[in-house]
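**Student:** What follows is a single structure, and I will ask about it in a moment.
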Number of protein chains: 4
Amino acid sequence: MPVRLTESLTTTEPLAEIFSDSSVLGAMLDFEVALARAEARLKIIPSDAAETIAACARPAAFDAASLAQAAPLAGTPAIPVVDALIEAVRKKDPAGAGFVHWGSTSQDLSDTALVLLLKKAHPVFERDLERLEVALGRISREHRRTLMLGRTLLQPAPPTTFGLKTAGWLAAIHRCRRRLHSAFDEALILEFGGASGTLAALDNQGIAVGKLVADELGLAFPEAPWHAHRDRLAALVCACGVLGGALGKMARDVSLLTEHGVSELSEPAAPGRGRSSSMPHKRNPVGCSVALAAVNRLPGLISSFLSGMPQEHERGLGGWQAEWPTVASTVQAVGAAAAAMAEVAEGLVINAESMRRNIDRTRGVIFGERAIRLSKKIDRDRARRFIEQATRTSIDESRRLSDVLGEMPEVRGHLDQADLDDLESPEHYLGMAEEFQDRLLASTEESFADKRGPTKE
Amino acid sequence: MPVRLTESLTTTEPLAEIFSDSSVLGAMLDFEVALARAEARLKIIPSDAAETIAACARPAAFDAASLAQAAPLAGTPAIPVVDALIEAVRKKDPAGAGFVHWGSTSQDLSDTALVLLLKKAHPVFERDLERLEVALGRISREHRRTLMLGRTLLQPAPPTTFGLKTAGWLAAIHRCRRRLHSAFDEALILEFGGASGTLAALDNQGIAVGKLVADELGLAFPEAPWHAHRDRLAALVCACGVLGGALGKMARDVSLLTEHGVSELSEPAAPGRGRSSSMPHKRNPVGCSVALAAVNRLPGLISSFLSGMPQEHERGLGGWQAEWPTVASTVQAVGAAAAAMAEVAEGLVINAESMRRNIDRTRGVIFGERAIRLSKKIDRDRARRFIEQATRTSIDESRRLSDVLGEMPEVRGHLDQADLDDLESPEHYLGMAEEFQDRLLASTEESFADKRGPTKE
Amino acid sequence: MPVRLTESLTTTEPLAEIFSDSSVLGAMLDFEVALARAEARLKIIPSDAAETIAACARPAAFDAASLAQAAPLAGTPAIPVVDALIEAVRKKDPAGAGFVHWGSTSQDLSDTALVLLLKKAHPVFERDLERLEVALGRISREHRRTLMLGRTLLQPAPPTTFGLKTAGWLAAIHRCRRRLHSAFDEALILEFGGASGTLAALDNQGIAVGKLVADELGLAFPEAPWHAHRDRLAALVCACGVLGGALGKMARDVSLLTEHGVSELSEPAAPGRGRSSSMPHKRNPVGCSVALAAVNRLPGLISSFLSGMPQEHERGLGGWQAEWPTVASTVQAVGAAAAAMAEVAEGLVINAESMRRNIDRTRGVIFGERAIRLSKKIDRDRARRFIEQATRTSIDESRRLSDVLGEMPEVRGHLDQADLDDLESPEHYLGMAEEFQDRLLASTEESFADKRGPTKE
Amino acid sequence: MPVRLTESLTTTEPLAEIFSDSSVLGAMLDFEVALARAEARLKIIPSDAAETIAACARPAAFDAASLAQAAPLAGTPAIPVVDALIEAVRKKDPAGAGFVHWGSTSQDLSDTALVLLLKKAHPVFERDLERLEVALGRISREHRRTLMLGRTLLQPAPPTTFGLKTAGWLAAIHRCRRRLHSAFDEALILEFGGASGTLAALDNQGIAVGKLVADELGLAFPEAPWHAHRDRLAALVCACGVLGGALGKMARDVSLLTEHGVSELSEPAAPGRGRSSSMPHKRNPVGCSVALAAVNRLPGLISSFLSGMPQEHERGLGGWQAEWPTVASTVQAVGAAAAAMAEVAEGLVINAESMRRNIDRTRGVIFGERAIRLSKKIDRDRARRFIEQATRTSIDESRRLSDVLGEMPEVRGHLDQADLDDLESPEHYLGMAEEFQDRLLASTEESFADKRGPTKE
């Protein structure tokens with residue numbers, strides 16, 4: 001149960017679990033074990049030492065709280081962890097203690113641990129994104145002909161379809177997911193460079209050791225250590241931020257469509273969901289709220305990460321030391337948003353009648369553009385002015401635009417009654433809505449799983 | 001032991017404790033108890049109910065983890081907490097259950113709890129700031145005449161004193177602390193508005209109740225509820241950010257002065273402090289590292305807070321829901337930086353010899369400006385060109401500037417030997433250093449404690 | 001006409017004028033003239049030189065474009081400006097050329113120029129803030145009893161008044177303005193420290209010179225140079241950001257109240273205002289759009305400024321060099337938002353009928369909380385459940401809550417018909433709305449002008 | 001000459017030119033012309049009208065300043081531009097005026113114009129990146145065996161090579177450039193959706209028109225309009241931010257290596273470059289300063305962009321309206337950094353002697369790790385403690401580590417004299433430096449030009 005009250009709206013349980021102390025310790029110890037075994041295999045350290053190290057490397061045997069407490073003095077949580085591991089090994093095998101962490105530096109450990117946590121986190125929010133995409137795809141196809149108001153600058157505009165709208169959300173989220181996927185592909189690499197990034201303590205075996213460690217951990221082996229080159233992590237963090245923006249766009253739209261007086265959508269009804277502590281009638285759009293809250297945090301977190309990129313020399317001061325909480329918050333925030341929107345999409349209550357009624361309530365003024373177009377026989381510039389005048393009258397007198405137009409002599413002569421009768425039919429003024437929807441849906445049909453192959457873990 | 005590994009470099013134990021579940025729950029329950037008692041006193045609810053509520057409101061009796069888990073469904077941790085309190089009260093006094101949280105709304109609870117946490121946090125990092133100021137004041141006075149290189153754009157410049165430099169750090173930190181102090185003064189107010197911010201459920205007794213609650217909690221009572229007006233919190237968060245910048249400036253300076261080849265300062269030596277996991281000789285400036293890491297996080301956190309300010313209507317969607325983790329991280333980050341720099345300042349190792357030697361190593365070229373000034377008898381514009389030429393020669397041939405100048409016929413005629421002899425005496429080229437130092441130190445001599453009066457708590 | 005197309009939505013003409021090349025050059029030259037005159041007065045440089053410098057220091061005589069072009073090579077625009085001034089003086093008075101910028105450093109010039117621009121900018125957006133406050137105060141008083149829906153999490157809530165809502169906007173903006181005012185007071189100070197911040201080139205006359213320069217420019221004289229201590233500017237930039245948030249909150253609210261189907265407010269009608277290029281019926285809330293756009297920029301700008309605060313030693317590398325565009329954009333963005341909202345407030349079209357109708361459309365469900373309260377005779381916990389059930393029925397069957405309640409036997413026994421009749425009267429469920437409004441309005445009645453005294457300029 | 005003084009350090013002339021009014025107008029008019037011609041070709045509007053539109057669409061014929069002034073009233077600069085074009089066409093061909101902008105909406109125009117500006121900007125900073133990469137590649141190969149101190153947490157560490165260090169900069173920049181390249185590929189697409197994103201005004205010809213317009217403008221045609229889906233632009237802006245971070249890392253490193261007392265690098269010498277206005281000896285690292293200043297701005301700009309992503313419905317309010325200045329500043333900042341670092345790299349003055357001397361000055365303590373490794377015959381854990389003690393002695397007594405070790409009896413028995421003699425040879429303690437360098441250089445050898453094909457324009 002790793003979620004805290006202060007962060008309860010900006011994470012999910014599985015993600016909070018991944019960044020919990022036991023999981024972090026687990027990732028750190030996995031690195032140390034993989035390193036010891038690789039070095040034993042290459043005869044750099046004794047096999048016995050490696051096995052003792054592996055035997056001692058059980059997260060439960062360590063006191064995370066006191067390790068965390070020691071971190072500021074050491075400048076990193078990695079040193080206390082290594083010290084504790086050495087201590088544990090020393091008790092069993094005094095000679096083996098000297099081989100713990102051999103040839104490595106504390107940032108190798110902390111960076112690789114972070115990468116391992118990211119590796120575990122990705123499938124977690126991938127599952128929510130997949131659920132979200134499936135739900136949106138289904139809704140989009142079902143509502144291919146569900147008419148609704150277009151809305152621009154929060155004002156009513158010519159009609160669109162709910163199918164197109166959901167396809168737009170879906171395709172944007174899908175593009176973000178694709179980018180995120182390749183950002184993860186790039187970032188899931190071993191950090192292993194030793195004190196100065198040359199692996200000098202391992203003579204000419206550094207790369208050989210590194211490749212074995214990477215294999216063992218299911219990570220790629222990079223061209224060189226990246227202690228002070230954080231672009232891959234930065235690109236990943238940014239991809240989370242952009243995905244957050246796309247989720248936030250959907251959440252903003254859904255929440256506005258749940259407003260009283262609009263009432264086109266409701267969040268799923270479930271016991272306890274969206275209740276108010278003071279108002280019995282409320283069904284708050286809490287999924288959107290959680291998504292928007294999570295998304296609100298992301299741009300600042302991304303900017304923190306980017307600000308820390310100019311890290312000094314072989315390993316910097318203050319830059320990478322700030323990354324753990326930033327990356328952890330970023331991943332959890334975007335994951336919380338994905339989970340919230342998946343739940344919203346799966347149970348979304350769609351009120352097609354309200355959608356239609358809200359079109360009708362505009363009394364046709366949203367078809368002014370269409371009226372201009374219909375007036376083929378008069379100069380368009382003049383037509384525009386007539387229509388503007390008619391629109392104004394329609395709004396001021398609460399009459400239908402077609403009725404107002406029908407009474408204007410300048411218009412009557414040029415617009416057929418049939419045209420006027422049809423003017424306000426939203427289903428006849430949808431342009432490319434279906435084609436755009438099809439194109440968007442088609443763009444989401446690739447499969448990611450194929451590309452990367454089965455994930456270990 | 002509330003510090004996590006992922007955040008171990010960006011908090012301190014006392015601050016992490018304040019944002020721990022038990023402390024958060026405690027603050028939330030304090031509000032509910034104060035509310036019930038105020039309402040009982042004003043005969044709005046039965047006294048018995050209030051006492052049952054108070055009796056049930058023990059943090060230890062609640063399961064924070066399951067409350068956190070319920071938060072996303074409710075859209076806030078406040079609702080599950082109220083529900084749990086109602087449940088607890090119902091077991092003892094079924095009729096009393098209906099009076100829990102009476103007239104209040106969930107955001108009253110979550111906002112006031114946040115304010116109460118801030119109230120506890122302030123003295124914690126005030127103590128570190130006070131330690132830091134005392135240490136810097138002492139250093140500044142002790143090193144009033146300790147000469148060191150000025151450095152601009154990372155290049156050597158005319159001399160300054162370490163006393164002036166530390167007075168500069170101190171005065172900036174002091175100004176930030178003063179601003180932070182008044183930001184806290186403004187922000188430590190009750191939130192109490194009920195569902196729509198009118199306290200309608202309490203008829204005409206709303207303000208009376210609110211004033212009693214505020215008194216009980218040691219908070220001020222604001223003009224009106226501020227559910228969707230976050231400027232006071234924003235100003236507080238910003239004040240933390242600006243203080244962070246001032247701490248970061250000191251940390252940046254100190255860290256650069258510990259560089260090998262500069263070696264004017266070292267961080268305090270202590271067992272385990274600043275060790276490397278791979279390099280036995282290292283004494284890393286870990287205090288600066290922690291401060292810079294903490295400070296690296298702040299601007300992004302501040303920007304998250306500000307981005308969330310446009311909150312909708314009486315209570316918004318997604319804005320305030322994002323604030324808890326942002327505010328908690330902000331306060332902990334700046335507090336970690338303050339603690340780190342206090343420790344650095346208190347044990348700072350100052351190498352006045354290195355400072356002097358680094359001046360000498362410039363071979364006088366930093367006194368070029370002075371040489372121009374000394375050449376009173378020749379046109380300054382011409383003098384500037386002579387000096388530039390001499391400086392170039394000094395650098396290229398690794399000779400002292402005064403020696404080079406002494407050989408230039410154009411100069412000899414206009415510069416006395418005494419002037420030349422004195423040219424490179426840093427102690428004679430300090431301008432207003434002492435006056436500026438005195439003025440800076442004087443500006444820090446006010447006392448905050450007087451102004452606000454004794455803090456309850 | 002200094003506004004560019006790319007920035008046309010995030011500035012105003014008077015503010016863009018202040019940051020235009022001629023204004024920037026003017027401020028820079030004002031510093032050089034004030035410096036030369038102060039030094040002449042104190043017999044440090046010849047009076048003739050000072051007068052020649054003053055005579056040459058006409059912005060129109062300089063080619064801003066080529067100065068801007070030379071800036072990157074010099075690392076600051078200040079050096080090319082000084083060079084150009086020296087060149088101009090040399091033509092008239094060769095000996096005088098050596099006295100230009102005497103004892104000063106380029107950052108003295110660029111910082112003081114920035115401060116002078118800020119000094120000009122403040123009254124410009126103060127005027128808009130004053131207009132805004134006056135308009136909001138008027139609206140608030142006029143609409144003291146104009147009832148409207150409260151809205152929380154975008155859902156309907158118990159009623160409030162438009163008077164209280166506008167008083168809330170007003171008081172928040174006023175608090176921000178007060179903070180901004182004191183931030184300006186702190187920041188409008190001279191920068192004058194010479195090469196290393198000791199004014200060594202002026203012997204023991206540095207402070208005397210500085211005080212004369214500060215007087216001449218209408219700035220305060222600080223304790224010491226602040227080349228690398230940017231907290232005062234940071235606090236000012238933050239105060240702009242917080243004000244932006246308060247303006248954004250108002251803009252968000254107004255824009256949502258202009259939505260179709262809500263229609264409680266419209267932005268002022270004016271020829272060309274809020275037109276669409278494709279839709280004749282549109283009256284877009286462009287004022288809100290401009291304000292929200294401007295406000296969207298601010299948090300990132302503030303975070304840039306804060307990130308740059310850890311500036312190295314006596315004068316840093318890369319930090320202050322980034323500030324000009326950041327500060328210029330910040331001031332213009334917040335000024336554009338203030339101007340936009342002033343215009344919106346002054347001409348705001350308020351539809352009190354729509355406000356009332358939107359309350360009625362909720363069919364009383366927003367009074368569920370009140371119904372609980374009215375049911376004095378039954379256990380509140382049970383009452384809460386009855387009311388929740390009734391509310392659900394009211395929503396599902398589109399009936400008034402009071403009608404549903406009137407038919408429930410459990411309720412009938414405990415609720416008088418008079419209570420039921422009154423249940424849905426918003427004017428009887430306003431709690432402290434008027435008192436809160438009065439308190440808010442009273443908090444805005446101080447005058448700033450008195451405090452600072454007449455501004456020179 | 002479009003660079004302003006306030007922004008002179010954060011842009012370059014060619015990039016400022018691209019975002020100048022005439023260039024922006026040019027891009028906007030290009031869209032209108034392409035649209036008219038496409039519609040004429042598909043017989044939607046008369047060919048004559050299209051040709052009149054094309055004839056009138058000359059940037060020089062428009063008054064950018066008054067268009068900018070009209071933008072806030074319209075909520076976008078696009079509407080005044082369209083109005084002005086209509087006016088111009090009307091003078092020549094009154095009937096043609098009605099066909100200007102036919103079927104399109106103002107955001108089609110402003111978004112496509114922005115994309116066209118980005119299309120022009122990309123090759124501009126690509127050229128600087130190419131220069132930078134070529135220079136770094138050359139330096140890296142030339143300095144394959146130039147030894148220098150590794151530096152971690154600003155403290156000395158085992159040696160590395162300048163070849164590896166530059167290869168690290170190069171490979172990071174190259175990876176960023178590759179990501180940026182694909183971000184541009186994704187983002188260079190037409191915006192064309194009409195009022196509600198359905199192109200309804202063009203019946204079933206919308207996509208056909210759009211494809212012709214896209215072809216004409218050298219842009220791709222997207223699946224659907226992306227008015228409120230900004231992920232592609234966001235990804236591009238982020239890619240700029242990540243590249244900025246990589247450039248900033250190089251600038252930070254270079255600047256620190258120019259510090260007095262380090263003196264391993266100098267920025268290129270050129271007349272006027274890096275001069276101080278007060279100090280004749282200065283050669284400031286102004287290229288790094290410009291790069292760091294530009295890079296300082298980026299994270300905040302990126303966060304502004306991301307914050308604006310949740311845009312409402314078909315076209316939002318306040319989100320996209322904020323993008324122009326943010327995107328323009330982002331592109332110019334990263335371009336300024338690229339240009340500055342290209343210039344620095346091309347003329348970088350490398351002092352290999354200083355590099356070597358700085359290694360020697362550590363008196364061998366950086367080889368402590370190596371000494372542990374050499375002590376094969378004793379328990380490593382014990383060895384570690386001996387070495388730590390020796391290191392401390394070496395530092396405290398200013399003696400070489402090998403000398404201290406040679407005198408320790410515990411060590412003598414286990415370390416050969418040959419080992420001791422070799423201990424401090426940096427060239428024998430480089431581990432995988434060359435292999436890592438080769439791998440990094442190899443990773444940069446792909447060519448971008450091939451991938452995208454010749455750019456039109």
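By convention in this document, the chains of the structure tokens carry letters A, B, ... by their order, each chain's residues are numbered from 1, and ligands are numbered from 1 in the order they are shown.
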Could you list, as a PyMOL selection string, the residues of chain D having an atom within 7 Å of chain B when counting only C-alpha atoms?
**Tutor:** chain D and resi 153-156+259-262+278-281+284+365-366+368-369+388+391-392
**Student:** Run DSSP on the backbone and grab whatever in stretch 165-399 of chain C lands in strand (DSSP E or B); send it over as number ranges by chain.
**Tutor:** C: 189, 220, 265-266, 315, 349-350
**Student:** Give me, as a count of residues only, the residues of stretch 271-421 of chain B that a backbone DSSP run labels helix (DSSP H, G or I).
**Tutor:** 102
**Student:** So that I can see what lies close to C:Glu314, please list as JSON, numbers by chain the residues with an atom at most 12 Å from it, counting only C-alpha atoms and leaving out residues fewer than 4 positions away in the same chain.
**Tutor:** {"B": [148, 149, 150, 151, 152, 153, 154, 155, 156, 157, 158, 159, 160, 161, 162, 164, 165, 166, 168, 169, 249, 250, 252, 253], "C": [105, 107, 193, 194, 195, 196, 197, 198, 224, 225, 226, 227, 228, 229, 230, 310, 320]}
**Student:** Can you build me a table of stretch 66-140 of chain D residues sitting at most 8 Å from stretch 32-44 of chain D, with the closest atom pair per residue and its distance in Å to one decimal, using only C-alpha atoms, sorted by chain and residue number, as a Markdown table?
**Tutor:**
```
| residue | atom | partner | partner_atom | distance |
| --- | --- | --- | --- | --- |
| D:Phe99 | CA | D:Ala36 | CA | 7.6 |
| D:Val100 | CA | D:Ala36 | CA | 6.9 |
| D:His101 | CA | D:Glu32 | CA | 6.1 |
| D:Trp102 | CA | D:Ala36 | CA | 7.5 |
| D:Leu109 | CA | D:Glu32 | CA | 7.6 |
```
**Student:** Would you mind exporting the chosen residues as a PDB file, in the first residue's frame, restricted to N, CA, C and O atoms?
**Tutor:**
```
ATOM      1  N   PHE D  99     -14.129  35.328 -52.325  1.00  0.00           N
ATOM      2  CA  PHE D  99     -13.500  34.009 -52.439  1.00  0.00           C
ATOM      3  C   PHE D  99     -12.189  33.888 -51.653  1.00  0.00           C
ATOM      4  O   PHE D  99     -11.569  32.827 -51.631  1.00  0.00           O
ATOM      5  N   VAL D 100     -11.782  34.985 -51.074  1.00  0.00           N
ATOM      6  CA  VAL D 100     -10.575  34.931 -50.242  1.00  0.00           C
ATOM      7  C   VAL D 100     -10.834  34.019 -49.036  1.00  0.00           C
ATOM      8  O   VAL D 100     -11.907  34.098 -48.425  1.00  0.00           O
ATOM      9  N   HIS D 101      -9.892  33.122 -48.762  1.00  0.00           N
ATOM     10  CA  HIS D 101      -9.950  32.340 -47.516  1.00  0.00           C
ATOM     11  C   HIS D 101     -11.144  31.373 -47.531  1.00  0.00           C
ATOM     12  O   HIS D 101     -11.554  30.853 -46.488  1.00  0.00           O
ATOM     13  N   TRP D 102     -11.654  31.091 -48.712  1.00  0.00           N
ATOM     14  CA  TRP D 102     -12.899  30.370 -48.814  1.00  0.00           C
ATOM     15  C   TRP D 102     -12.834  28.956 -48.192  1.00  0.00           C
ATOM     16  O   TRP D 102     -11.974  28.151 -48.524  1.00  0.00           O
ATOM     17  N   LEU D 109      -5.098  29.210 -41.068  1.00  0.00           N
ATOM     18  CA  LEU D 109      -4.108  30.162 -41.562  1.00  0.00           C
ATOM     19  C   LEU D 109      -2.962  30.334 -40.563  1.00  0.00           C
ATOM     20  O   LEU D 109      -1.784  30.259 -40.928  1.00  0.00           O
TER      21      LEU D 109
END
```
**Student:** Using only C-alpha atoms, which protein or nucleic acid residues come within 9 Å of stretch 334-351 of chain D? Drop anything in the same chain fewer than 5 positions from it, and give the result as number ranges by chain.
**Tutor:** C: 72; D: 9-12, 15, 121, 124-136, 139, 240-241, 243-244, 247-248, 250-251, 254, 263-269, 285-295, 298, 329, 356
**Student:** Please list as a list in words every residue within 10 Å of A:Glu13, counting only C-alpha atoms and excluding residues in the same chain fewer than 2 positions away.
**Tutor:**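 Near neighbours after the sequence-gap exclusion: Met1, Pro2, Val3, Arg4, Ser8, Thr11, Leu15, Ala16, Glu17, Ile18, Gln332 and Ala336 of chain A; Ala68 and Gln69 of chain B.
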